[in-house]
Every structure is written in structure tokens, then in C-alpha cells.
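File shown here: coords.cif, holding mmCIF, C-alpha atoms (C1' of nucleotides).
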data_model
loop_
_atom_site.label_atom_id
_atom_site.label_comp_id
_atom_site.auth_asym_id
_atom_site.auth_seq_id
_atom_site.Cartn_x
_atom_site.Cartn_y
_atom_site.Cartn_z
CA MET X 19 -14.03 -0.35 -39.70
CA THR X 20 -14.09 0.52 -36.05
CA HIS X 21 -11.32 0.16 -33.51
CA ALA X 22 -11.86 -1.22 -30.04
CA ALA X 23 -11.56 1.45 -27.38
CA PRO X 24 -8.52 1.22 -25.06
CA GLY X 25 -10.73 0.34 -22.10
CA ASP X 26 -12.18 -2.67 -23.91
CA LEU X 27 -8.74 -3.85 -24.97
CA ILE X 28 -7.56 -3.66 -21.38
CA VAL X 29 -10.59 -5.55 -20.05
CA ASP X 30 -10.10 -8.31 -22.63
CA TRP X 31 -6.40 -8.50 -21.83
CA TYR X 32 -7.26 -8.84 -18.13
CA ALA X 33 -9.54 -11.80 -18.80
CA ALA X 34 -6.58 -13.68 -20.24
CA ALA X 35 -3.66 -12.39 -18.21
CA ALA X 36 -4.86 -11.54 -14.69
CA ARG X 37 -3.18 -13.09 -11.69
CA ASP X 38 -5.26 -15.47 -9.62
CA LEU X 39 -5.23 -13.54 -6.35
CA PRO X 40 -7.29 -14.80 -3.40
CA TRP X 41 -9.06 -11.50 -2.68
CA ARG X 42 -10.39 -11.54 -6.25
CA ALA X 43 -12.13 -14.90 -5.80
CA PRO X 44 -15.93 -15.01 -6.08
CA GLY X 45 -17.70 -14.58 -2.77
CA VAL X 46 -14.92 -12.58 -1.09
CA ASP X 47 -16.79 -9.92 0.87
CA ALA X 48 -16.13 -6.22 1.29
CA TRP X 49 -14.43 -6.72 4.65
CA ALA X 50 -11.94 -9.13 3.12
CA VAL X 51 -11.39 -6.70 0.27
CA LEU X 52 -10.83 -3.86 2.71
CA VAL X 53 -8.25 -5.86 4.65
CA SER X 54 -6.44 -6.75 1.42
CA GLU X 55 -6.40 -3.16 0.22
CA VAL X 56 -4.95 -1.79 3.44
CA MET X 57 -2.29 -4.51 3.50
CA LEU X 58 -1.45 -3.77 -0.13
CA GLN X 59 -0.79 -0.10 0.57
CA GLN X 60 2.94 -0.05 -0.20
CA THR X 61 3.46 -3.77 0.43
CA PRO X 62 3.96 -6.29 -2.44
CA VAL X 63 1.34 -8.93 -3.21
CA ALA X 64 3.60 -11.87 -2.40
CA ARG X 65 4.09 -10.74 1.19
CA VAL X 66 0.45 -9.85 1.73
CA GLU X 67 -1.07 -13.15 0.61
CA PRO X 68 -0.26 -15.40 3.60
CA VAL X 69 -0.99 -12.70 6.17
CA TRP X 70 -4.30 -11.85 4.54
CA ARG X 71 -5.37 -15.51 4.75
CA GLN X 72 -4.45 -15.65 8.44
CA TRP X 73 -6.30 -12.43 9.21
CA LEU X 74 -9.52 -13.43 7.49
CA ALA X 75 -9.48 -16.84 9.15
CA ARG X 76 -8.98 -15.23 12.53
CA TRP X 77 -11.08 -12.08 12.13
CA PRO X 78 -13.80 -12.81 9.56
CA THR X 79 -15.75 -9.65 10.41
CA PRO X 80 -14.96 -6.08 11.48
CA ALA X 81 -16.43 -6.73 14.94
CA THR X 82 -14.07 -9.62 15.62
CA LEU X 83 -11.04 -7.51 14.78
CA ALA X 84 -12.37 -4.58 16.80
CA ALA X 85 -12.70 -6.79 19.88
CA GLU X 86 -9.11 -8.03 19.78
CA PRO X 87 -6.35 -6.61 22.01
CA THR X 88 -4.40 -4.16 19.87
CA GLY X 89 -1.11 -5.88 20.64
CA GLU X 90 -2.42 -9.05 19.02
CA VAL X 91 -3.33 -7.07 15.92
CA ILE X 92 0.13 -5.52 15.72
CA ARG X 93 1.70 -8.94 16.20
CA ALA X 94 -0.46 -10.47 13.50
CA TRP X 95 0.51 -7.67 11.14
CA GLY X 96 3.96 -9.24 11.32
CA LYS X 97 6.52 -7.74 9.00
CA LEU X 98 4.23 -6.21 6.41
CA GLY X 99 5.72 -2.85 7.32
CA TYR X 100 4.16 0.49 8.25
CA PRO X 101 2.42 -1.01 11.31
CA ARG X 102 0.37 2.13 11.88
CA ARG X 103 -1.80 0.66 9.14
CA ALA X 104 -2.73 -2.18 11.49
CA LEU X 105 -3.71 0.32 14.16
CA ARG X 106 -5.85 2.29 11.74
CA LEU X 107 -7.45 -0.83 10.30
CA GLN X 108 -8.52 -1.90 13.76
CA ALA X 109 -9.80 1.62 14.44
CA ALA X 110 -11.77 1.50 11.19
CA ALA X 111 -13.19 -1.88 12.21
CA ALA X 112 -14.27 -0.38 15.52
CA VAL X 113 -16.14 2.43 13.77
CA ILE X 114 -17.76 -0.06 11.40
CA ALA X 115 -18.82 -2.24 14.32
CA ALA X 116 -20.11 0.63 16.43
CA GLU X 117 -21.67 2.92 13.85
CA HIS X 118 -22.47 0.79 10.82
CA ASP X 119 -23.91 -2.37 12.38
CA GLY X 120 -20.72 -4.20 11.57
CA VAL X 121 -21.25 -3.79 7.84
CA VAL X 122 -18.50 -2.22 5.74
CA PRO X 123 -20.00 0.96 4.23
CA ASP X 124 -20.58 0.91 0.49
CA ASP X 125 -20.48 4.68 0.10
CA VAL X 126 -17.17 6.21 -1.02
CA ASP X 127 -17.47 9.29 1.18
CA THR X 128 -18.30 7.24 4.26
CA LEU X 129 -15.44 4.86 3.53
CA GLU X 130 -13.06 7.75 3.09
CA SER X 131 -13.98 9.10 6.52
CA LEU X 132 -12.65 5.94 8.19
CA PRO X 133 -9.12 5.87 9.65
CA GLY X 134 -6.48 4.75 7.16
CA ILE X 135 -8.88 4.79 4.22
CA GLY X 136 -8.13 7.44 1.63
CA SER X 137 -9.27 8.10 -1.90
CA TYR X 138 -7.72 5.00 -3.42
CA THR X 139 -8.84 2.49 -0.79
CA ALA X 140 -12.37 3.90 -0.53
CA ARG X 141 -12.92 3.48 -4.26
CA ALA X 142 -11.25 0.10 -4.35
CA VAL X 143 -13.65 -1.22 -1.69
CA ALA X 144 -16.69 0.29 -3.41
CA CYS X 145 -15.63 -1.16 -6.76
CA PHE X 146 -14.00 -4.51 -5.94
CA GLY X 147 -16.05 -5.21 -2.82
CA TYR X 148 -19.44 -3.92 -3.91
CA GLY X 149 -19.28 -4.04 -7.68
CA GLN X 150 -19.76 -0.33 -8.13
CA ARG X 151 -18.58 1.52 -11.18
CA GLN X 152 -15.82 3.66 -9.66
CA PRO X 153 -12.57 5.08 -11.01
CA VAL X 154 -9.82 3.57 -8.86
CA VAL X 155 -6.53 5.44 -9.08
CA ASP X 156 -3.32 4.13 -7.62
CA THR X 157 0.27 4.58 -8.68
CA ASN X 158 -0.05 1.89 -11.37
CA VAL X 159 -3.07 3.57 -12.88
CA ARG X 160 -1.44 6.99 -12.85
CA ARG X 161 1.51 5.53 -14.72
CA VAL X 162 -0.73 3.88 -17.35
CA VAL X 163 -2.67 7.11 -17.86
CA ALA X 164 0.54 9.15 -18.08
CA ARG X 165 1.76 6.97 -20.93
CA LEU X 166 -1.41 5.92 -22.70
CA VAL X 167 -3.21 9.26 -22.54
CA HIS X 168 -0.64 11.96 -21.88
CA GLY X 169 2.35 10.52 -23.73
CA ARG X 170 4.67 10.92 -20.77
CA ALA X 171 7.21 8.38 -19.52
CA GLU X 172 6.26 8.59 -15.86
CA ALA X 173 3.25 9.33 -13.73
CA LEU X 174 2.59 12.87 -12.69
CA PRO X 175 1.94 13.54 -9.01
CA ALA X 176 -1.61 12.62 -8.05
CA ARG X 177 -4.15 15.27 -8.91
CA ALA X 178 -7.91 15.63 -8.93
CA SER X 179 -8.20 15.19 -12.70
CA ASP X 180 -6.85 11.63 -12.42
CA LEU X 181 -10.32 10.35 -11.59
CA GLY X 182 -11.78 11.91 -14.72
CA ASP X 183 -8.93 10.63 -16.88
CA VAL X 184 -9.56 7.07 -15.77
CA ALA X 185 -13.33 7.35 -15.92
CA ALA X 186 -13.01 8.53 -19.52
CA LEU X 187 -11.18 5.32 -20.45
CA ALA X 188 -13.73 2.98 -18.89
CA PRO X 189 -16.07 1.01 -21.16
CA ALA X 190 -19.69 2.12 -21.25
CA ASP X 191 -21.07 -1.23 -20.17
CA HIS X 192 -21.45 -1.36 -16.39
CA ASP X 193 -19.95 -4.79 -15.73
CA ARG X 194 -17.05 -4.15 -18.06
CA ALA X 195 -16.44 -0.77 -16.44
CA VAL X 196 -16.23 -2.46 -13.05
CA ARG X 197 -13.72 -4.96 -14.38
CA PHE X 198 -11.83 -2.17 -16.11
CA SER X 199 -10.93 -0.60 -12.77
CA VAL X 200 -9.06 -3.71 -11.64
CA ALA X 201 -7.81 -4.43 -15.15
CA VAL X 202 -6.03 -1.10 -15.60
CA MET X 203 -4.31 -1.56 -12.24
CA GLU X 204 -3.23 -5.02 -13.30
CA LEU X 205 -1.88 -3.66 -16.57
CA GLY X 206 0.27 -1.22 -14.63
CA ALA X 207 1.43 -3.95 -12.27
CA LEU X 208 2.34 -6.52 -14.92
CA VAL X 209 3.00 -4.74 -18.24
CA CYS X 210 3.15 -0.97 -17.98
CA VAL X 211 5.62 -1.22 -15.12
CA ALA X 212 7.84 1.42 -13.58
CA GLY X 213 11.09 -0.06 -14.78
CA THR X 214 11.21 -1.25 -18.36
CA PRO X 215 7.65 -1.54 -19.65
CA ARG X 216 6.79 -4.70 -21.59
CA CYS X 217 5.28 -2.88 -24.52
CA GLY X 218 5.61 -5.96 -26.73
CA VAL X 219 2.77 -7.67 -24.88
CA CYS X 220 0.69 -4.57 -24.15
CA PRO X 221 -2.90 -4.67 -25.41
CA VAL X 222 -2.92 -0.91 -26.05
CA ARG X 223 0.53 -0.49 -27.58
CA GLY X 224 -1.12 0.54 -30.87
CA VAL X 225 -2.92 3.49 -29.31
CA CYS X 226 -0.47 4.50 -26.60
CA ALA X 227 0.36 8.21 -26.81
CA TRP X 228 3.80 7.63 -25.30
CA ARG X 229 4.76 4.97 -27.88
CA LEU X 230 3.29 7.01 -30.72
CA ALA X 231 5.50 9.89 -29.57
CA GLY X 232 8.55 7.65 -29.78
CA SER X 233 8.75 6.70 -26.11
CA PRO X 234 10.41 9.95 -24.99
CA ALA X 235 12.45 9.83 -21.79
CA HIS X 236 11.13 11.38 -18.64
CA ASP X 237 11.90 15.09 -18.65
CA GLY X 238 10.95 16.28 -15.17
CA PRO X 239 13.06 15.90 -12.04
CA ALA X 240 13.86 12.35 -10.94
CA ARG X 241 11.82 11.48 -7.92
CA LYS X 242 14.13 10.82 -5.00
CA VAL X 243 14.16 7.37 -3.51
CA GLN X 244 13.78 7.44 0.22
CA LYS X 245 16.64 6.27 2.38
CA PHE X 246 16.11 3.57 4.94
CA ALA X 247 19.42 2.61 6.54
CA GLY X 248 20.05 4.80 9.53
CA THR X 249 16.64 6.43 9.53
CA ASP X 250 14.12 6.55 12.34
CA ARG X 251 12.05 4.08 10.34
CA GLN X 252 14.77 1.49 10.67
CA VAL X 253 15.13 2.12 14.39
CA ARG X 254 11.38 1.98 14.99
CA GLY X 255 11.29 -1.26 13.06
CA ARG X 256 13.96 -2.80 15.25
CA LEU X 257 12.32 -1.66 18.46
CA LEU X 258 8.96 -3.01 17.42
CA ASP X 259 10.54 -6.25 16.26
CA VAL X 260 11.77 -6.89 19.81
CA LEU X 261 8.33 -6.22 21.25
CA ARG X 262 6.55 -8.39 18.68
CA ALA X 263 8.86 -11.29 19.43
CA ALA X 264 8.47 -10.96 23.20
CA THR X 265 5.67 -12.74 25.03
CA GLY X 266 5.31 -10.00 27.60
CA PRO X 267 6.75 -6.61 28.64
CA VAL X 268 10.47 -6.10 28.05
CA GLU X 269 13.07 -4.22 30.06
CA GLN X 270 14.62 -1.02 28.78
CA PRO X 271 18.11 -2.56 28.24
CA GLU X 272 16.68 -5.06 25.79
CA LEU X 273 15.45 -2.16 23.67
CA ASP X 274 18.67 -0.21 24.14
CA ALA X 275 20.54 -3.08 22.52
CA VAL X 276 18.97 -2.56 19.09
CA TRP X 277 20.56 0.83 18.31
CA ASP X 278 23.70 2.61 19.47
CA ASP X 279 22.69 6.25 19.27
CA PRO X 280 20.72 6.93 22.48
CA VAL X 281 19.24 10.18 21.21
CA GLN X 282 17.79 8.64 18.09
CA ARG X 283 16.73 5.54 20.00
CA GLY X 284 14.90 7.61 22.57
CA ARG X 285 13.20 9.70 19.94
CA CYS X 286 12.00 6.59 18.13
CA LEU X 287 10.71 4.85 21.23
CA ASP X 288 8.87 8.02 22.15
CA SER X 289 7.31 8.25 18.71
CA LEU X 290 6.11 4.65 18.99
CA LEU X 291 4.48 5.53 22.30
CA VAL X 292 2.86 8.60 20.76
CA ASP X 293 1.58 6.51 17.85
CA GLY X 294 0.08 3.98 20.26
CA LEU X 295 2.14 1.13 18.87
CA VAL X 296 3.91 0.70 22.22
CA VAL X 297 2.85 1.30 25.82
CA GLN X 298 4.83 1.65 29.02
CA THR X 299 3.84 -0.50 31.97
CA ASP X 300 3.56 0.68 35.57
CA ASP X 301 6.95 -0.85 36.35
CA ALA X 302 8.61 1.10 33.50
CA ARG X 303 8.82 -1.78 31.08
CA PHE X 304 7.60 -1.63 27.49
CA ALA X 305 5.02 -3.73 25.66
CA LEU X 306 2.62 -3.86 22.78
CA PRO X 307 -0.76 -2.31 23.72
CA GLY X 308 -3.16 -4.53 25.64
"C1'" DA V 20 2.69 19.99 -0.50
"C1'" DA V 21 6.58 17.64 0.81
"C1'" DC V 22 7.67 14.44 4.05
"C1'" DG V 23 7.65 10.43 7.29
"C1'" DC V 24 6.28 5.98 7.78
"C1'" DG V 25 8.84 -0.74 7.31
"C1'" DT V 26 10.33 -4.44 4.95
"C1'" DG V 27 12.38 -7.31 1.68
"C1'" DG V 28 12.93 -8.64 -3.21
"C1'" DT V 29 15.11 -7.59 -7.68
"C1'" DC V 30 18.57 -6.59 -11.20
"C1'" DT K 3 25.67 -4.13 -4.40
"C1'" DG K 4 23.16 -0.58 -3.61
"C1'" DA K 5 19.63 1.88 -5.95
"C1'" DC K 6 15.20 1.12 -7.03
"C1'" DC K 7 10.78 -0.56 -6.30
"C1'" DA K 8 5.92 -2.26 -4.08
"C1'" DA K 9 -2.57 -1.70 -4.71
"C1'" DG K 10 -1.16 5.12 0.13
"C1'" DC K 11 -2.29 7.76 4.09
"C1'" DG K 12 -2.01 11.53 7.35
"C1'" DT K 13 -0.05 15.70 8.61
#
Same coordinates, now as C-alpha cells:
Amino acid sequence: MTHAAPGDLIVDWYAAAARDLPWRAPGVDAWAVLVSEVMLQQTPVARVEPVWRQWLARWPTPATLAAEPTGEVIRAWGKLGYPRRALRLQAAAAVIAAEHDGVVPDDVDTLESLPGIGSYTARAVACFGYGQRQPVVDTNVRRVVARLVHGRAEALPARASDLGDVAALAPADHDRAVRFSVAVMELGALVCVAGTPRCGVCPVRGVCAWRLAGSPAHDGPARKVQKFAGTDRQVRGRLLDVLRAATGPVEQPELDAVWDDPVQRGRCLDSLLVDGLVVQTDDARFALPG
DNA sequence: AACGCGTGGTC
DNA sequence: TGACCAAGCGT
């Protein structure tokens, strides 16, 4: 008797267990997929959903986003976090509009050359947006591969061989291989999670190298969790929050009120100016870019 | 290659 | 309750 390959088990599990997410609906185009993928970089699904709907209703094509004042784009990004992503997404839209006839490229290398689009996002767009057979490796997938294939408790740092590891798990059939790429991510997001994995409901528990090894604890160094309170990130967030809420340019004292330490405050405001998230007006006030 | 970059939910 | 976590990217 033959055993189903892990990739097939994961695809079949996905058919029954996948979340019903709007960017996975039939007819969602590559632009909508691209917007979702950039928003989902480090931001949870629940917070992305409403903003993604608003963006696609407002900017249904790359050209429409490219034509918008950047301040409006930053404002519409809202509190998704890491607002430089909004800047880069608009810059990518501008390249798509100017150099690709407004059509999101379907080639991984071309996608990867766009601002804010790296290895993960390029492959996600090619696979989810264009139905290509592509290994798509994010943190969830690296964790699944670490356990299922390598018998380790936690993901290793990203490395070039990740793509081959995932490709080796994919079913031979084209359509199933395409679905496998999203399915293995979903498995990592719902079952093979970072905290306590739900091995009892895992479709590949019987062939998982980590389980078969007795679920050994992670041996390497614990990865350090980044601080937030008191960091420049927090200060930048507060400064930008004031500017997003304002209808026009704001005076310096209004920004000074968000943080006591003038040195750190000044450094953060300057970095926002350097990033292009904030501009200074002729009369020395501050605003989102026009 | 390690680090900086936002925000809010969870246990 | 604060540590941990969430579909990365650029430098």
C-alpha cells in the first residue's frame, strides 16, 4: 500500500480547513493580491482585511494609486504599522504604471526589482495572483519545513535552500502544486504555529520528523523579541499619528507634545523627513507629503 | 548579517 | 502583565 505524500495531505487539509479570506476569492487580480501581500508583511490578517477592502475600492489599479497624493496614501494606510510599506507600494505602483503598461508583472525577477517587493512577495504574487507554480517561503513555511522535514522545533534563519525544501514537498500535479504553496502557509498559520502547535489536528503528524523524534525542544539561542516601548519606532509612530489625524500642516509644538526627550524626538522627526513620510512646509510647519 | 522599522491582540 | 507574536524588506 502506498502513503500519500505530505504535500498532498496538506493540500487536502487546506480544502477543508482554509480560512475564507477576501484576497483568495475567485477573480481577485494580481494587483489586489499584491496589495494584500504588502499589507500582510508583519501585520495580522484581522487588521489587514478592512483596510485592504478600502484600498481596492479606492485604487482598483496601480495607476490610480500612483496618481494619488502620497499623504493620502499614508493616511489610508492607517495604523497597519511600518508605514514605509505604503510609500514603497505607491512607488511600485508608479513603476508598474510607467514601465509595465499598468499591468502587474508576472515574472518573479521583475517583481522582485520593485520597491518593497522581496523574495516572498514576488513569489506570492506570481503564485497566488497568476497561478504559477512557485515555492513561496515565509516565516510560517520555514517553521513547517523545520519541523516536518528537519525535525527541529523552530525555523532556521532564512536561507537559499528553503526554496528547494518547499519545492520538494509540492505535489507533482500543477494545480495542486499551486494550491500547495498557499496551503503550507495556512498550515503554519493555523496548526503548525509558533507557540504550542496543534499537532492533534495536523494532517502530516504521522510523517513529521519533529514528532517522530519526540518533539525535542529548541536547542539554539532564543531569538530576542524586539522592544517597542521607548524606542524610536514608538516615537515615530506618535509623530505620524498626529500628522495623520491633522487636516493640514501642524505647528512644531504640537509634535513636541508627543514625547519628552527632545533629542530623541528630533532624531525621529528627522528620520521621518529622510524617509519621505513627512515634509516641512515653507513656513516651518510639518505635514504629510503632498 | 544583524538590525531597524508600528501596532495591537493574546495568554 | 508583560513577553511574545503577526503572510518581510532594505540596508
Selection: 12 Å around V:DA20, all atoms listed in the file, excl. self and same-chain fewer than 6 positions, as a PyMOL selection string:
(chain X and resi 175-177) or (chain K and resi 13)
On this file, the PyMOL selection byres ((chain X) within 10 of (chain V)) gives some set of residues; write that set as a list in words.
Gln60, Thr61, Pro62, Ala64, Arg65, Lys97, Leu98, Gly99, Tyr100, Pro101, Arg102, Arg103, Gln244, Phe246, Asp250, Arg251, Gln252, Val253, Arg254, Gly255 and Arg256 of chain X
Residue hits in chain K, query chain X, radius 7 Å, only C-alpha atoms (C1' of nucleotides), as a short mmCIF file (atom, residue, chain, number, x, y, z; two decimals) with C-alpha atoms (C1' of nucleotides), keeping the file's coordinate frame:
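Saved as result_0.cif:
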data_model
loop_
_atom_site.label_atom_id
_atom_site.label_comp_id
_atom_site.auth_asym_id
_atom_site.auth_seq_id
_atom_site.Cartn_x
_atom_site.Cartn_y
_atom_site.Cartn_z
"C1'" DA K 8 5.92 -2.26 -4.08
"C1'" DA K 9 -2.57 -1.70 -4.71
"C1'" DG K 10 -1.16 5.12 0.13
"C1'" DC K 11 -2.29 7.76 4.09
#
Identify the residues around (-11.9, 0.7, -11.6) within a radius of 6 Å, measuring from all atoms listed in the file in the coordinates stated by the file, and give them as an NGL selection string.
:X and (152-154 or 196 or 198-200)
Using the chain letters and residue numbers of this document, give as a PyMOL selection string the residues selected by the PyMOL selection byres ((chain X and resi 165-170) around 8).
chain X and resi 161-164+171-173+222+225-231+233-236
Matched chain/residue IDs from the PyMOL selection byres ((chain X and resi 91) around 10), as a list in words
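Matching residues under the PyMOL selection byres ((chain X and resi 91) around 10) are Trp73, Trp77, Leu83, Ala84, Glu86, Pro87, Thr88, Gly89, Glu90, Ile92, Arg93, Ala94, Trp95, Gly96, Pro101, Ala104, Leu105, Leu107, Gln108, Leu306 and Pro307 of chain X.
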Could you jot down the atom CA of X:Asp30 to atom CA of X:Val66 separation for me, Å, one decimal place?
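Interatomic distance here is 26.6 Å.
The two atoms in question, atom CA of X:Thr79 and atom CA of X:Gly120, are spaced 7.5 Å apart.
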Length of the atom CA of X:Asp237 to atom CA of X:Val219 vector [Å]
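Rounded to one decimal, the two atoms are 25.3 Å apart.
Remark: for X:Ala36, the closest of the candidate residues X:Leu52, X:Val209, X:Val122, X:Leu181 is X:Val209 (distances computed over all atoms listed in the file).
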Counting all atoms listed in the file, which residue out of X:Ala116, X:Val46, X:Ala247, X:Pro221 sits closest to K:DG4?
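Nearest to K:DG4: X:Ala247.
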